Every structure is written in structure tokens, then in C-alpha cells.
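K.L.:
start.cif is the file, holding mmCIF, C-alpha atoms and all ligand atoms:
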data_data
#
loop_
_atom_site.label_atom_id
_atom_site.label_comp_id
_atom_site.auth_asym_id
_atom_site.auth_seq_id
_atom_site.Cartn_x
_atom_site.Cartn_y
_atom_site.Cartn_z
CA MET A 435 102.15 -177.49 -185.45
CA SER A 436 99.97 -180.53 -184.78
CA GLU A 437 100.66 -182.78 -181.78
CA PRO A 438 102.77 -185.85 -182.60
CA ILE A 439 100.76 -189.09 -182.45
CA THR A 440 102.02 -191.18 -179.57
CA HIS A 441 99.75 -194.21 -179.47
CA LEU A 442 100.67 -197.07 -181.76
CA SER A 443 97.17 -198.01 -182.93
CA THR A 444 96.30 -194.36 -183.68
CA GLU A 445 99.55 -193.91 -185.54
CA LEU A 446 98.95 -197.01 -187.63
CA ILE A 447 95.42 -195.89 -188.52
CA HIS A 448 96.33 -192.27 -189.27
CA HIS A 449 99.83 -192.81 -190.68
CA ALA A 450 100.72 -189.81 -192.82
CA TYR A 451 102.68 -191.50 -195.58
CA GLN A 452 101.21 -191.05 -199.05
CA PRO A 453 102.89 -192.97 -201.86
CA PRO A 454 103.86 -190.84 -204.87
CA ALA A 455 101.13 -190.37 -207.43
CA GLY A 456 101.52 -191.51 -211.03
CA PHE A 457 102.19 -195.23 -210.52
CA GLY A 458 101.98 -196.80 -213.97
CA ALA A 459 101.29 -200.50 -214.50
CA VAL A 460 99.37 -202.72 -216.89
CA PRO A 461 96.49 -203.61 -214.52
CA PRO A 462 94.36 -200.85 -213.02
CA GLY A 463 94.67 -200.43 -209.25
CA VAL A 464 92.35 -202.30 -206.92
CA TYR A 465 90.52 -200.06 -204.45
CA LYS A 466 88.32 -201.38 -201.67
CA ALA A 467 86.17 -199.32 -199.35
CA SER A 468 82.93 -199.03 -197.52
CA THR A 469 83.70 -195.51 -196.18
CA VAL A 470 84.94 -192.85 -198.55
CA ILE A 471 86.70 -189.88 -196.83
CA PHE A 472 85.52 -186.35 -197.66
CA PRO A 473 87.94 -183.42 -197.25
CA ASN A 474 85.31 -181.22 -195.53
CA VAL A 475 81.59 -180.87 -194.77
CA ALA A 476 80.92 -178.80 -197.89
CA ALA A 477 82.30 -181.59 -200.07
CA LEU A 478 80.22 -184.19 -198.21
CA ARG A 479 77.03 -182.11 -198.56
CA SER A 480 77.49 -181.28 -202.21
CA ARG A 481 78.39 -184.75 -203.37
CA ASP A 482 75.86 -186.34 -205.80
CA TRP A 483 76.31 -190.13 -205.57
CA ARG A 484 74.81 -190.70 -209.03
CA HIS A 485 77.69 -189.10 -210.91
CA LYS A 486 81.11 -190.55 -211.54
CA SER A 487 82.82 -187.20 -210.96
CA GLY A 488 83.77 -188.38 -207.45
CA TYR A 489 83.12 -190.92 -204.70
CA THR A 490 80.43 -191.12 -202.02
CA TYR A 491 80.33 -194.57 -200.45
CA GLY A 492 81.70 -197.98 -201.43
CA LEU A 493 78.28 -199.17 -202.57
CA HIS A 494 78.12 -196.42 -205.19
CA GLY A 495 81.50 -197.17 -206.69
CA THR A 496 85.27 -197.06 -206.34
CA PRO A 497 87.93 -196.33 -208.98
CA THR A 498 88.04 -200.11 -209.59
CA THR A 499 84.31 -200.63 -210.15
CA PHE A 500 84.04 -197.40 -212.19
CA THR A 501 86.86 -198.66 -214.42
CA LEU A 502 85.17 -202.03 -214.90
CA GLU A 503 81.84 -200.33 -215.65
CA GLU A 504 83.43 -198.16 -218.35
CA ARG A 505 85.09 -201.20 -219.96
CA ILE A 506 81.88 -203.28 -219.93
CA ALA A 507 79.98 -200.33 -221.45
CA ALA A 508 82.64 -200.27 -224.21
CA LEU A 509 82.43 -204.06 -224.66
CA GLU A 510 78.67 -203.85 -225.20
CA GLY A 511 78.82 -200.70 -227.31
CA GLY A 512 76.73 -198.82 -224.74
CA ALA A 513 77.33 -195.60 -222.83
CA PHE A 514 76.48 -196.39 -219.19
CA CYS A 515 76.95 -199.51 -217.09
CA SER A 516 75.99 -200.56 -213.61
CA LEU A 517 77.40 -203.68 -211.98
CA ALA A 518 75.55 -206.21 -209.85
CA PRO A 519 76.81 -209.10 -207.70
CA SER A 520 75.54 -211.79 -210.13
CA GLY A 521 73.84 -212.06 -213.49
CA LEU A 522 70.58 -212.82 -211.73
CA ALA A 523 71.00 -209.72 -209.54
CA ALA A 524 71.44 -207.69 -212.74
CA ILE A 525 68.12 -209.12 -214.02
CA ALA A 526 66.51 -208.16 -210.68
CA THR A 527 67.93 -204.62 -210.95
CA VAL A 528 66.24 -204.16 -214.34
CA ASN A 529 62.92 -205.51 -213.06
CA VAL A 530 62.98 -203.41 -209.88
CA ALA A 531 64.00 -200.29 -211.82
CA LEU A 532 61.32 -200.51 -214.52
CA LEU A 533 58.28 -202.38 -213.21
CA ARG A 534 55.53 -201.16 -210.90
CA ARG A 535 52.27 -202.62 -209.53
CA GLY A 536 49.81 -203.17 -212.40
CA ASP A 537 52.52 -203.45 -215.08
CA GLU A 538 53.13 -206.47 -217.27
CA VAL A 539 56.46 -207.89 -218.40
CA LEU A 540 56.84 -210.35 -221.29
CA LEU A 541 59.44 -213.11 -221.19
CA PRO A 542 60.48 -215.52 -223.94
CA ASP A 543 59.47 -219.09 -223.11
CA ASN A 544 63.15 -220.12 -223.35
CA VAL A 545 64.35 -217.37 -220.98
CA TYR A 546 67.00 -218.20 -218.35
CA GLY A 547 65.02 -220.30 -215.83
CA PRO A 548 65.58 -218.22 -212.66
CA SER A 549 64.35 -215.13 -214.56
CA LYS A 550 61.03 -216.94 -215.14
CA GLU A 551 61.00 -217.95 -211.48
CA MET A 552 61.51 -214.30 -210.43
CA ALA A 553 58.50 -213.29 -212.53
CA ARG A 554 56.34 -216.10 -211.13
CA THR A 555 57.14 -215.30 -207.49
CA LEU A 556 58.64 -211.93 -206.51
CA LEU A 557 57.15 -209.91 -209.37
CA ALA A 558 53.73 -211.55 -208.90
CA ASP A 559 53.85 -210.72 -205.16
CA TRP A 560 54.55 -207.09 -206.07
CA GLY A 561 51.54 -206.94 -208.39
CA VAL A 562 53.52 -207.19 -211.64
CA THR A 563 52.10 -209.79 -214.02
CA HIS A 564 54.02 -211.63 -216.72
CA ARG A 565 53.27 -213.68 -219.81
CA LEU A 566 55.53 -215.96 -221.80
CA TYR A 567 55.87 -215.44 -225.55
CA ASP A 568 57.19 -217.69 -228.31
CA PRO A 569 60.52 -216.05 -229.24
CA MET A 570 60.32 -217.53 -232.74
CA ASP A 571 57.02 -215.78 -233.51
CA ALA A 572 57.49 -211.99 -233.67
CA PRO A 573 53.92 -211.25 -234.91
CA ALA A 574 52.58 -213.18 -231.89
CA LEU A 575 54.70 -211.00 -229.59
CA ALA A 576 53.40 -207.87 -231.34
CA ALA A 577 49.83 -209.05 -230.74
CA MET A 578 50.51 -209.55 -227.02
CA LEU A 579 51.73 -205.99 -226.34
CA SER A 580 49.22 -203.90 -224.44
CA GLU A 581 48.99 -200.62 -222.52
CA ARG A 582 50.16 -202.52 -219.46
CA THR A 583 53.27 -204.01 -221.11
CA LYS A 584 56.26 -202.05 -219.80
CA LEU A 585 59.13 -204.38 -220.59
CA VAL A 586 60.00 -207.17 -223.03
CA TRP A 587 62.90 -209.43 -222.09
CA LEU A 588 64.89 -210.96 -224.95
CA GLU A 589 67.49 -213.71 -225.06
CA ALA A 590 69.55 -214.77 -228.11
CA PRO A 591 69.75 -217.71 -228.25
CA GLY A 592 67.35 -218.84 -225.54
CA SER A 593 68.59 -220.90 -222.60
CA VAL A 594 69.02 -224.67 -222.93
CA THR A 595 67.02 -225.17 -226.17
CA MET A 596 69.17 -222.55 -227.94
CA GLU A 597 66.66 -221.14 -230.46
CA PHE A 598 68.05 -217.94 -232.00
CA PRO A 599 65.17 -215.46 -232.46
CA ASP A 600 64.73 -212.77 -235.09
CA LEU A 601 65.95 -210.08 -232.67
CA ARG A 602 65.32 -207.25 -235.12
CA ALA A 603 61.68 -208.28 -235.58
CA LEU A 604 61.13 -208.64 -231.81
CA VAL A 605 62.76 -205.26 -231.06
CA ARG A 606 60.83 -203.61 -233.90
CA ALA A 607 57.53 -204.94 -232.53
CA ALA A 608 58.28 -203.58 -229.05
CA LYS A 609 59.52 -200.20 -230.38
CA GLN A 610 56.39 -199.72 -232.46
CA ARG A 611 54.38 -199.84 -229.21
CA GLY A 612 56.94 -197.77 -227.25
CA VAL A 613 57.77 -200.73 -224.97
CA LEU A 614 61.27 -201.05 -223.50
CA THR A 615 63.44 -204.05 -224.41
CA ALA A 616 66.07 -205.70 -222.22
CA LEU A 617 68.32 -208.34 -223.74
CA ASP A 618 70.07 -211.02 -221.71
CA ASN A 619 73.27 -210.77 -223.76
CA THR A 620 75.33 -213.27 -221.77
CA TRP A 621 75.68 -215.64 -224.74
CA GLY A 622 76.72 -212.91 -227.21
CA ALA A 623 79.04 -211.43 -224.57
CA GLY A 624 79.51 -208.26 -226.63
CA VAL A 625 81.46 -210.29 -229.21
CA ALA A 626 78.91 -212.21 -231.30
CA PHE A 627 76.74 -209.19 -232.20
CA ARG A 628 76.14 -205.55 -231.27
CA ALA A 629 73.06 -205.29 -229.08
CA PHE A 630 72.91 -201.51 -229.59
CA ASP A 631 73.37 -201.76 -233.34
CA LEU A 632 71.24 -204.61 -234.67
CA GLY A 633 70.93 -203.05 -238.13
CA ASP A 634 67.95 -201.21 -239.68
CA GLY A 635 68.50 -198.56 -236.96
CA LEU A 636 67.34 -201.01 -234.28
CA ALA A 637 68.85 -201.30 -230.81
CA VAL A 638 67.80 -202.80 -227.51
CA ASP A 639 67.25 -200.35 -224.66
CA LEU A 640 69.18 -202.39 -222.11
CA SER A 641 71.75 -205.13 -222.41
CA MET A 642 72.18 -207.32 -219.35
CA HIS A 643 75.26 -209.54 -219.10
CA ALA A 644 76.24 -212.28 -216.64
CA LEU A 645 79.94 -211.39 -216.31
CA THR A 646 80.15 -214.69 -214.41
CA LYS A 647 80.55 -216.42 -217.79
CA TYR A 648 82.99 -215.23 -220.50
CA PRO A 649 84.16 -211.88 -219.04
CA SER A 650 85.29 -213.63 -215.85
CA GLY A 651 86.36 -216.74 -217.74
CA GLY A 652 87.67 -218.44 -214.61
CA ALA A 653 84.55 -220.04 -213.10
CA ASP A 654 85.51 -218.22 -209.90
CA VAL A 655 83.47 -215.00 -209.88
CA LEU A 656 79.77 -214.15 -209.85
CA MET A 657 78.92 -210.75 -211.34
CA GLY A 658 76.43 -209.07 -213.65
CA ALA A 659 76.08 -205.81 -215.54
CA VAL A 660 73.37 -203.74 -217.16
CA VAL A 661 74.38 -201.45 -220.01
CA THR A 662 72.37 -198.76 -221.77
CA ARG A 663 72.87 -195.78 -224.05
CA ASP A 664 70.09 -193.86 -222.33
CA GLU A 665 71.17 -191.71 -219.38
CA ALA A 666 67.67 -191.44 -217.90
CA LEU A 667 67.30 -195.24 -217.94
CA HIS A 668 70.74 -195.56 -216.38
CA HIS A 669 69.67 -193.29 -213.53
CA GLN A 670 66.59 -195.46 -212.96
CA LEU A 671 68.91 -198.47 -212.73
CA LEU A 672 71.22 -196.65 -210.31
CA LEU A 673 68.25 -195.89 -208.04
CA ALA A 674 67.27 -199.59 -208.02
CA HIS A 675 70.89 -200.55 -207.35
CA MET A 676 71.10 -198.07 -204.47
CA ARG A 677 67.78 -199.18 -202.97
CA LEU A 678 68.67 -202.87 -203.21
CA GLY A 679 72.23 -202.34 -201.96
CA THR A 680 73.68 -204.70 -204.54
CA GLY A 681 77.33 -203.64 -204.63
CA VAL A 682 80.25 -205.70 -205.96
CA ALA A 683 83.54 -206.41 -204.20
CA GLY A 684 86.79 -204.80 -205.37
CA ASN A 685 88.61 -208.12 -205.63
CA ASP A 686 85.83 -209.60 -207.77
CA ALA A 687 85.98 -206.56 -210.06
CA GLU A 688 89.75 -207.10 -210.22
CA PHE A 689 89.26 -210.69 -211.48
CA VAL A 690 87.00 -209.53 -214.29
CA LEU A 691 89.32 -206.62 -215.20
CA ARG A 692 92.19 -209.11 -215.39
CA SER A 693 90.26 -211.43 -217.72
CA LEU A 694 88.70 -208.84 -220.05
CA PRO A 695 91.74 -208.35 -222.32
CA THR A 696 91.57 -212.04 -223.32
CA LEU A 697 87.78 -212.16 -223.66
CA GLU A 698 87.66 -211.98 -227.45
CA LEU A 699 90.45 -214.56 -227.91
CA ARG A 700 88.87 -216.96 -225.42
CA TYR A 701 85.39 -216.51 -226.89
CA ARG A 702 86.68 -217.44 -230.36
CA ALA A 703 88.62 -220.43 -228.99
CA HIS A 704 85.48 -221.71 -227.19
CA ASP A 705 83.53 -221.16 -230.42
CA ARG A 706 86.02 -223.05 -232.61
CA SER A 707 86.11 -226.09 -230.32
CA ALA A 708 82.36 -226.07 -229.73
CA ARG A 709 81.62 -226.15 -233.47
CA GLN A 710 84.12 -229.00 -233.97
CA VAL A 711 82.56 -231.02 -231.14
CA ALA A 712 79.00 -230.16 -232.22
CA ARG A 713 79.66 -231.27 -235.83
CA TRP A 714 81.14 -234.55 -234.59
CA LEU A 715 78.07 -235.13 -232.42
CA GLN A 716 75.80 -234.45 -235.41
CA ALA A 717 77.23 -237.58 -237.06
CA GLN A 718 76.53 -239.87 -234.08
CA PRO A 719 73.50 -242.16 -234.58
CA MET A 720 71.97 -241.71 -231.09
CA ILE A 721 72.03 -237.90 -231.40
CA ARG A 722 68.78 -236.80 -233.03
CA GLN A 723 69.60 -233.09 -233.22
CA VAL A 724 72.36 -230.67 -232.26
CA LEU A 725 70.95 -227.35 -231.03
CA HIS A 726 73.79 -224.96 -231.93
CA PRO A 727 72.66 -221.77 -233.67
CA ALA A 728 75.71 -221.70 -235.98
CA LEU A 729 74.87 -225.13 -237.45
CA ALA A 730 72.59 -225.28 -240.47
CA GLY A 731 69.22 -226.75 -239.52
CA ALA A 732 69.38 -225.61 -235.88
CA PRO A 733 66.37 -223.56 -234.73
CA GLY A 734 66.87 -219.93 -235.71
CA HIS A 735 70.09 -220.59 -237.66
CA GLN A 736 68.97 -218.08 -240.31
CA HIS A 737 68.54 -215.36 -237.67
CA TRP A 738 71.97 -216.15 -236.20
CA SER A 739 73.49 -215.91 -239.71
CA ALA A 740 71.82 -212.54 -240.32
CA LEU A 741 73.43 -211.05 -237.21
CA CYS A 742 76.57 -213.03 -236.30
CA THR A 743 79.62 -214.86 -237.48
CA ASP A 744 80.79 -215.80 -233.94
CA ALA A 745 79.05 -218.04 -231.42
CA ALA A 746 79.61 -218.96 -227.79
CA GLY A 747 80.88 -222.41 -226.78
CA LEU A 748 77.47 -223.56 -225.62
CA PHE A 749 75.06 -226.01 -227.26
CA SER A 750 72.63 -228.81 -226.49
CA VAL A 751 71.86 -232.16 -228.08
CA MET A 752 68.62 -234.12 -228.29
CA ILE A 753 69.19 -237.82 -227.70
CA ASP A 754 66.95 -240.53 -229.18
CA PRO A 755 63.64 -240.47 -227.21
CA ALA A 756 63.40 -244.27 -227.45
CA LEU A 757 66.30 -244.63 -225.01
CA PRO A 758 65.45 -244.94 -221.31
CA SER A 759 66.55 -241.89 -219.33
CA GLY A 760 68.79 -244.07 -217.13
CA ARG A 761 71.01 -244.72 -220.18
CA VAL A 762 71.31 -240.98 -220.80
CA ASP A 763 72.29 -240.43 -217.16
CA ALA A 764 74.88 -243.23 -217.53
CA PHE A 765 76.29 -241.44 -220.62
CA VAL A 766 76.64 -238.18 -218.67
CA ASP A 767 78.16 -239.98 -215.67
CA SER A 768 80.71 -241.71 -217.94
CA LEU A 769 82.20 -238.42 -219.16
CA ARG A 770 85.64 -237.66 -217.74
CA HIS A 771 86.67 -234.26 -219.11
CA PHE A 772 83.14 -232.84 -219.02
CA LYS A 773 82.23 -232.16 -215.38
CA LEU A 774 78.63 -232.13 -214.22
CA GLY A 775 77.70 -228.62 -213.15
CA TYR A 776 75.83 -225.40 -213.94
CA SER A 777 77.17 -222.28 -215.63
CA TRP A 778 79.46 -221.85 -218.64
CA GLY A 779 82.23 -219.68 -220.04
CA GLY A 780 85.01 -221.12 -217.88
CA PRO A 781 88.08 -223.16 -218.88
CA MET A 782 86.60 -226.56 -217.98
CA SER A 783 83.97 -228.24 -220.14
CA LEU A 784 80.65 -228.82 -218.39
CA VAL A 785 77.56 -230.93 -219.00
CA VAL A 786 73.99 -230.90 -217.62
CA PRO A 787 71.05 -233.14 -218.59
CA TYR A 788 67.77 -231.16 -218.45
CA ASP A 789 64.19 -232.33 -218.01
CA LEU A 790 62.35 -230.07 -220.46
CA LYS A 791 58.92 -231.20 -219.25
CA ALA A 792 59.61 -229.50 -215.92
CA MET A 793 60.80 -226.30 -217.64
CA ARG A 794 58.66 -225.54 -220.70
CA GLY A 795 55.07 -225.24 -221.72
CA ASP A 796 56.10 -226.36 -225.22
CA ALA A 797 58.18 -229.41 -224.11
CA ALA A 798 56.22 -231.62 -226.54
CA ARG A 799 57.94 -229.78 -229.41
CA HIS A 800 61.29 -231.22 -228.31
CA ALA A 801 61.27 -235.01 -228.68
CA GLY A 802 64.14 -236.73 -226.88
CA HIS A 803 66.45 -236.26 -223.93
CA LEU A 804 68.21 -232.90 -223.80
CA VAL A 805 71.84 -232.66 -222.67
CA ARG A 806 73.64 -229.30 -222.65
CA PHE A 807 77.38 -228.89 -223.11
CA SER A 808 79.59 -225.92 -222.29
CA ILE A 809 82.82 -226.34 -224.22
CA GLY A 810 85.86 -225.21 -222.27
CA LEU A 811 89.40 -224.59 -223.39
CA GLU A 812 90.62 -228.21 -223.46
CA ALA A 813 91.77 -229.58 -226.85
CA ALA A 814 88.67 -230.36 -228.92
CA ASP A 815 90.11 -233.76 -229.94
CA ASP A 816 90.33 -234.78 -226.28
CA LEU A 817 86.72 -233.73 -225.73
CA ILE A 818 85.60 -235.74 -228.76
CA ALA A 819 87.51 -238.81 -227.55
CA ASP A 820 85.81 -238.42 -224.16
CA LEU A 821 82.34 -238.19 -225.76
CA ASP A 822 83.14 -241.20 -227.94
CA GLN A 823 83.98 -243.41 -224.97
CA ALA A 824 80.94 -242.15 -222.97
CA LEU A 825 78.53 -242.69 -225.89
CA ARG A 826 79.13 -246.43 -225.43
CA ALA A 827 76.56 -246.16 -222.63
CA LEU A 828 73.99 -245.35 -225.33
CA ARG A 829 75.02 -247.89 -227.96
C1 LIG A 901 71.57 -216.75 -219.90
C2 LIG A 901 71.93 -216.51 -218.49
N1 LIG A 901 71.60 -215.33 -217.92
C3 LIG A 901 71.87 -215.06 -216.64
C4 LIG A 901 72.53 -215.97 -215.85
C5 LIG A 901 72.75 -215.64 -214.41
O1 LIG A 901 74.08 -215.42 -214.10
P1 LIG A 901 74.61 -215.65 -212.61
O2 LIG A 901 74.91 -217.10 -212.48
O3 LIG A 901 75.81 -214.77 -212.52
O4 LIG A 901 73.53 -215.21 -211.66
C6 LIG A 901 72.90 -217.20 -216.38
C7 LIG A 901 73.59 -218.21 -215.55
O5 LIG A 901 73.69 -219.38 -215.88
C8 LIG A 901 72.58 -217.48 -217.73
O6 LIG A 901 72.87 -218.68 -218.29
#
How does the structure come out when it is put into C-alpha cells?
P.N.:
Amino acid sequence: MSEPITHLSTELIHHAYQPPAGFGAVPPGVYKASTVIFPNVAALRSRDWRHKSGYTYGLHGTPTTFTLEERIAALEGGAFCSLAPSGLAAIATVNVALLRRGDEVLLPDNVYGPSKEMARTLLADWGVTHRLYDPMDAPALAAMLSERTKLVWLEAPGSVTMEFPDLRALVRAAKQRGVLTALDNTWGAGVAFRAFDLGDGLAVDLSMHALTKYPSGGADVLMGAVVTRDEALHHQLLLAHMRLGTGVAGNDAEFVLRSLPTLELRYRAHDRSARQVARWLQAQPMIRQVLHPALAGAPGHQHWSALCTDAAGLFSVMIDPALPSGRVDAFVDSLRHFKLGYSWGGPMSLVVPYDLKAMRGDAARHAGHLVRFSIGLEAADDLIADLDQALRALR
């Protein structure tokens, strides 16, 4: 018989009570751990951290993060998922996993800005070069691919200017040269189109997703994911994840697990309102163009139509270039329901004016002042009334 524990702190740490197994509830349990306890040395020595048959250390997964990974893999139509502490960390995981000194990576010119910044700085320091391609010109991308090209990033639609590319043509061009493709699928969110089933037998190799946006839905969590159908690629990602130490917290995973069941409903509600607001803006005289891929005449609308019926609640407008920029700032500052801030996919509508000249080589193509809107879950009529009163600053 073992000695009874007599010291309070020891007893509280080693308390023997085990709750009964088989607790059933709607949400999955939330587990948090750095240390994982092994039953004996043999189990510790034989444990392979890369497989989800058991647990090794908090960084490599808990029942909570494994559950979220399986659900995100299902959302994206992939087979394997690894989580990261932000969307940008997920982008970094892909780059670290796949690129080596001497390699080249190609990025669309309208890629998420910090992804371009990562290529310009960290990747350049590590001897990885990058070039920007025009996402609306698939033959030009095909002509850029070389022996050194190891990865092509894709985004549909691109950030801020919202051009929807011919994804099939871009993926086909990369496949023909045996180059891997990674899609930033944050906008599509697994709802608008199937990244692993683009039609004509085409699929991306990796789908990266900023769970910060629609899967979280609360504007209160930062998280990212990378999904693939290829087990060998997944293992490369796991090695990068392990070497970078980019784990996610159990409570953050809990937030995303709690929001996932309403993802599709929320996505469609954002979409409905965004199209209503975007169409209203199209009719306003100071608005030169509405950059929303689901609207006829928007850049890449035909490619969006070929792949999607849904769209996210995100779009930009181009305001008359003849107006001084101070008037555009006054318009943005006059908005009451739209708050000024980065990110999207949450309940509150957001707005950001962007200076394209500072962001794009092809800024001359976009005449006017660009303002981006993320449509939240407020009533669309209230958002339109807010825009109407704020547009007085432009009239
Ligand atoms: C298209 C896109 N990808 C990736 C990210 C990065 O996500 P996170 O903010 O979680 O790093 C963002 C964030 O705005 C984004 O818009």
C-alpha cells in the first residue's frame, strides 16, 4: 500500500480523483498543457510527436487543437491541418517549410501586404529571392517559372484591390512545371469555393487560412491554419512548426471551435449585406468603381463566377481622383457604424483608406482614392444610412 500523502500542497498537486469518463456535451472539451504525462519510460521513448495517435508535448497538440485541426481540414476539404498563432504565422510556416537558400518564390502583386514584406526582408536575408507576378495574367506567370521557382503563392481575390484571378489557369501553369502552389484562402474561408477541387482535376497543394477572420468571427482571436491533402507536405509543415515553436493556446482554439458551427451562416449573412451595400455605393456619384468580385464589371468577376456563388463581406471602392485626399479622410472619419481598423470577418463593420502608391508597383492602374470596407453583421440598411450621411463630406 502506498504512503498516504500528508502535505497539503503535494496532495493538491497529486490528488487522485479522476472524474468518470464519457462526459457528453455539445462543445468539445478544452485541454491545456505544456507537459504531457507519460505512463512509463517505454511510452516516452516510443512516442512519435508527428502522429496524432497520442500526445507528446503541448506544442505538438492537445485533444483541443487536434479537434480544431480536423475540423479545419474538413472545412477546407483537405486531409491534414496544422495550426499557427496567426494567419501571418501560417504564411511563415509555409515559407520556412518549403523554401531554401537559392530558391525563388512568386507572389501575386496584390498579395496580403505583410506576406510581401516577409519576402522582401526575412526571405531575402535567408537567400530566398522573390518576384511579383500579375495575378490577372496566367501566361505571364507561366513564363516566369524557372528551375529555381519552388513555390507560387495565390490569393483569390487579392488583398485591397480585390481582383479575382483565374485560379485554374494559375494552378495549371504551376503544375505543368511541377511547382507547388499555396493559396491564401482567408477570403473564401472554405465556403466560397473548394481549394482542393477547382474543377478540371486542379487543386492547390496548400491552403492557408487566417482563422482570425470568419472562423473566429468575434474579432477576438488571432490564429492561422495550413491545410493539405499531401501527407509528405504536411510532415514538412509539422517540422517547420516544431522548429519555430509556433503553438496555439487551448482557450484560443476553444473560441474558434465555438464559432465554427455558425461559420457558413455568418459568411452568407456578411455576403448578403455586403452586396446590398456595394450595389448602393455603385449608384453614388463620387464612387468611381466598386471592387467587389461578385459585381459585374469588377476585376476578375468572370473568374469569380466560374468558381463561386458566395462571396465574403469585403470590398473596396475607388473614389473620384479629383477630390483632395483630406475630403476622403473626412468621409471615413464621419462614419459612425464603420469603425476604423484592420482585419475583417468580425461582427462590427470596419473601414480603412489605403494609399495604393505606397503598396503597388501598378498603382497607376487604379485611378482614385481607395477605401476598403469589411461589412459586419449590423443591419445593411443602417450601414447604408451611415454611408449616406458620411458621403456628405464628399459632396
Ligand atoms: C488575406 C489575408 N491573409 C492573411 C492575413 C493574416 O492574418 P492574421 O491577422 O491572423 O495574421 C490577413 C489579415 O488581415 C489577410 O487579410
K.L.:
Have a look at CA of Thr646 (chain A) and CA of Leu509 (chain A) and let me know their distance in Å, one decimal.
P.N.:
14.9 Å
K.L.:
Give me the residues of region 610-691 of chain A that have any atom at most 12 Å from an atom of region 727-731 of chain A; for each, the nearest atom pair and the distance in Å, rounded to one decimal. Use all atoms listed in the file, sort by chain and number, and format it as a tab-separated table.
P.N.:
residue	atom	partner	partner_atom	distance
A:Trp621	CA	A:Pro727	CA	11.2
A:Gly622	CA	A:Pro727	CA	11.7
A:Ala626	CA	A:Ala728	CA	11.1
K.L.:
Write as a VMD selection string the residues around ligand LIG 901 (chain A), taking 8 Å as the cut-off and counting all atoms listed in the file.
P.N.:
chain A and resid 519 to 525 545 to 546 548 to 549 589 592 to 593 618 to 621 643 to 647 656 to 658 776 to 778
K.L.:
Hey, what's within 12 Å of Gln670 (chain A) if we count only C-alpha atoms and toss same-chain stuff fewer than 6 positions away? As an MDAnalysis selection string, please?
P.N.:
chainID A and resid 484 514:516 527:533 640 660 662 664 676:677
K.L.:
Given the selection you just returned, output its residues as a file containing C-alpha atoms, formatted as a compact mmCIF listing (two decimals), in the coordinates of the input.
P.N.:
# COMPACT_ATOMS: atom_id res chain seq x y z
CA ARG A 484 74.81 -190.70 -209.03
CA PHE A 514 76.48 -196.39 -219.19
CA CYS A 515 76.95 -199.51 -217.09
CA SER A 516 75.99 -200.56 -213.61
CA THR A 527 67.93 -204.62 -210.95
CA VAL A 528 66.24 -204.16 -214.34
CA ASN A 529 62.92 -205.51 -213.06
CA VAL A 530 62.98 -203.41 -209.88
CA ALA A 531 64.00 -200.29 -211.82
CA LEU A 532 61.32 -200.51 -214.52
CA LEU A 533 58.28 -202.38 -213.21
CA LEU A 640 69.18 -202.39 -222.11
CA VAL A 660 73.37 -203.74 -217.16
CA THR A 662 72.37 -198.76 -221.77
CA ASP A 664 70.09 -193.86 -222.33
CA MET A 676 71.10 -198.07 -204.47
CA ARG A 677 67.78 -199.18 -202.97
K.L.:
I'd like a table as JSON lines: residues in region 697-742 of chain A with an atom no more than 12 Å from region 598-601 of chain A, each row giving the shortest atom pair and its distance in Å to one decimal, only C-alpha atoms counted, sorted by chain and rising residue number.
P.N.:
{"residue": "A:Leu725", "atom": "CA", "partner": "A:Phe598", "partner_atom": "CA", "distance": 9.9}
{"residue": "A:His726", "atom": "CA", "partner": "A:Phe598", "partner_atom": "CA", "distance": 9.1}
{"residue": "A:Pro727", "atom": "CA", "partner": "A:Phe598", "partner_atom": "CA", "distance": 6.2}
{"residue": "A:Ala728", "atom": "CA", "partner": "A:Phe598", "partner_atom": "CA", "distance": 9.4}
{"residue": "A:Leu729", "atom": "CA", "partner": "A:Phe598", "partner_atom": "CA", "distance": 11.3}
{"residue": "A:Gly731", "atom": "CA", "partner": "A:Phe598", "partner_atom": "CA", "distance": 11.6}
{"residue": "A:Ala732", "atom": "CA", "partner": "A:Phe598", "partner_atom": "CA", "distance": 8.7}
{"residue": "A:Pro733", "atom": "CA", "partner": "A:Phe598", "partner_atom": "CA", "distance": 6.5}
{"residue": "A:Gly734", "atom": "CA", "partner": "A:Phe598", "partner_atom": "CA", "distance": 4.4}
{"residue": "A:His735", "atom": "CA", "partner": "A:Phe598", "partner_atom": "CA", "distance": 6.6}
{"residue": "A:Gln736", "atom": "CA", "partner": "A:Phe598", "partner_atom": "CA", "distance": 8.4}
{"residue": "A:His737", "atom": "CA", "partner": "A:Asp600", "partner_atom": "CA", "distance": 5.3}
{"residue": "A:Trp738", "atom": "CA", "partner": "A:Phe598", "partner_atom": "CA", "distance": 6.0}
{"residue": "A:Ser739", "atom": "CA", "partner": "A:Phe598", "partner_atom": "CA", "distance": 9.7}
{"residue": "A:Ala740", "atom": "CA", "partner": "A:Asp600", "partner_atom": "CA", "distance": 8.8}
{"residue": "A:Leu741", "atom": "CA", "partner": "A:Leu601", "partner_atom": "CA", "distance": 8.8}
{"residue": "A:Cys742", "atom": "CA", "partner": "A:Phe598", "partner_atom": "CA", "distance": 10.7}
K.L.:
Need the shell around Gly795 (chain A): protein/DNA/RNA residues with any atom at most 12 Å away, counting all atoms listed in the file. Skip same-chain ones fewer than 6 positions apart. Format as a ChimeraX atom specification?
P.N.:
/A:542-544,565-568
K.L.:
For CA of His448 (chain A) and CA of Thr469 (chain A), quote the distance in Å rounded to one decimal.
P.N.:
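So the two atoms, CA of His448 (chain A) and CA of Thr469 (chain A), lie 14.8 Å apart.
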K.L.:
So that I can see what lies close to Ser759 (chain A), please list as a PyMOL selection string the residues with an atom at most 12 Å from it, counting only C-alpha atoms and leaving out residues fewer than 4 positions away in the same chain.
P.N.:
chain A and resi 753-755+763-766+787-789+802-805+827-828
K.L.:
Mind pulling up the distance from CA of Thr583 (chain A) to CA of Thr615 (chain A)?
P.N.:
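So the two atoms, CA of Thr615 (chain A) and CA of Thr583 (chain A), lie 10.7 Å apart.
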K.L.:
Restricting the calculation to all atoms listed in the file: of A:Lys550, A:Val460, A:Asp537, A:Trp587, which residue gets closest to Met793 (chain A)?
P.N.:
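Ranking A:Lys550, A:Val460, A:Asp537, A:Trp587 by distance to Met793 (chain A), first place goes to A:Lys550.
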K.L.:
Find the residue from A:Gly463, A:Gly511, A:Pro497, A:Pro438 that sits nearest to Val638 (chain A); use only C-alpha atoms when measuring.
P.N.:
A:Gly511
K.L.:
Let me make sure I understand: among A:Leu678, A:Gly635, A:Pro781, A:Arg713, which one has the smallest atom-to-atom distance to Arg700 (chain A) if we use all atoms listed in the file?
P.N.:
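Of the candidates, the smallest distance to Arg700 (chain A) is held by A:Pro781.
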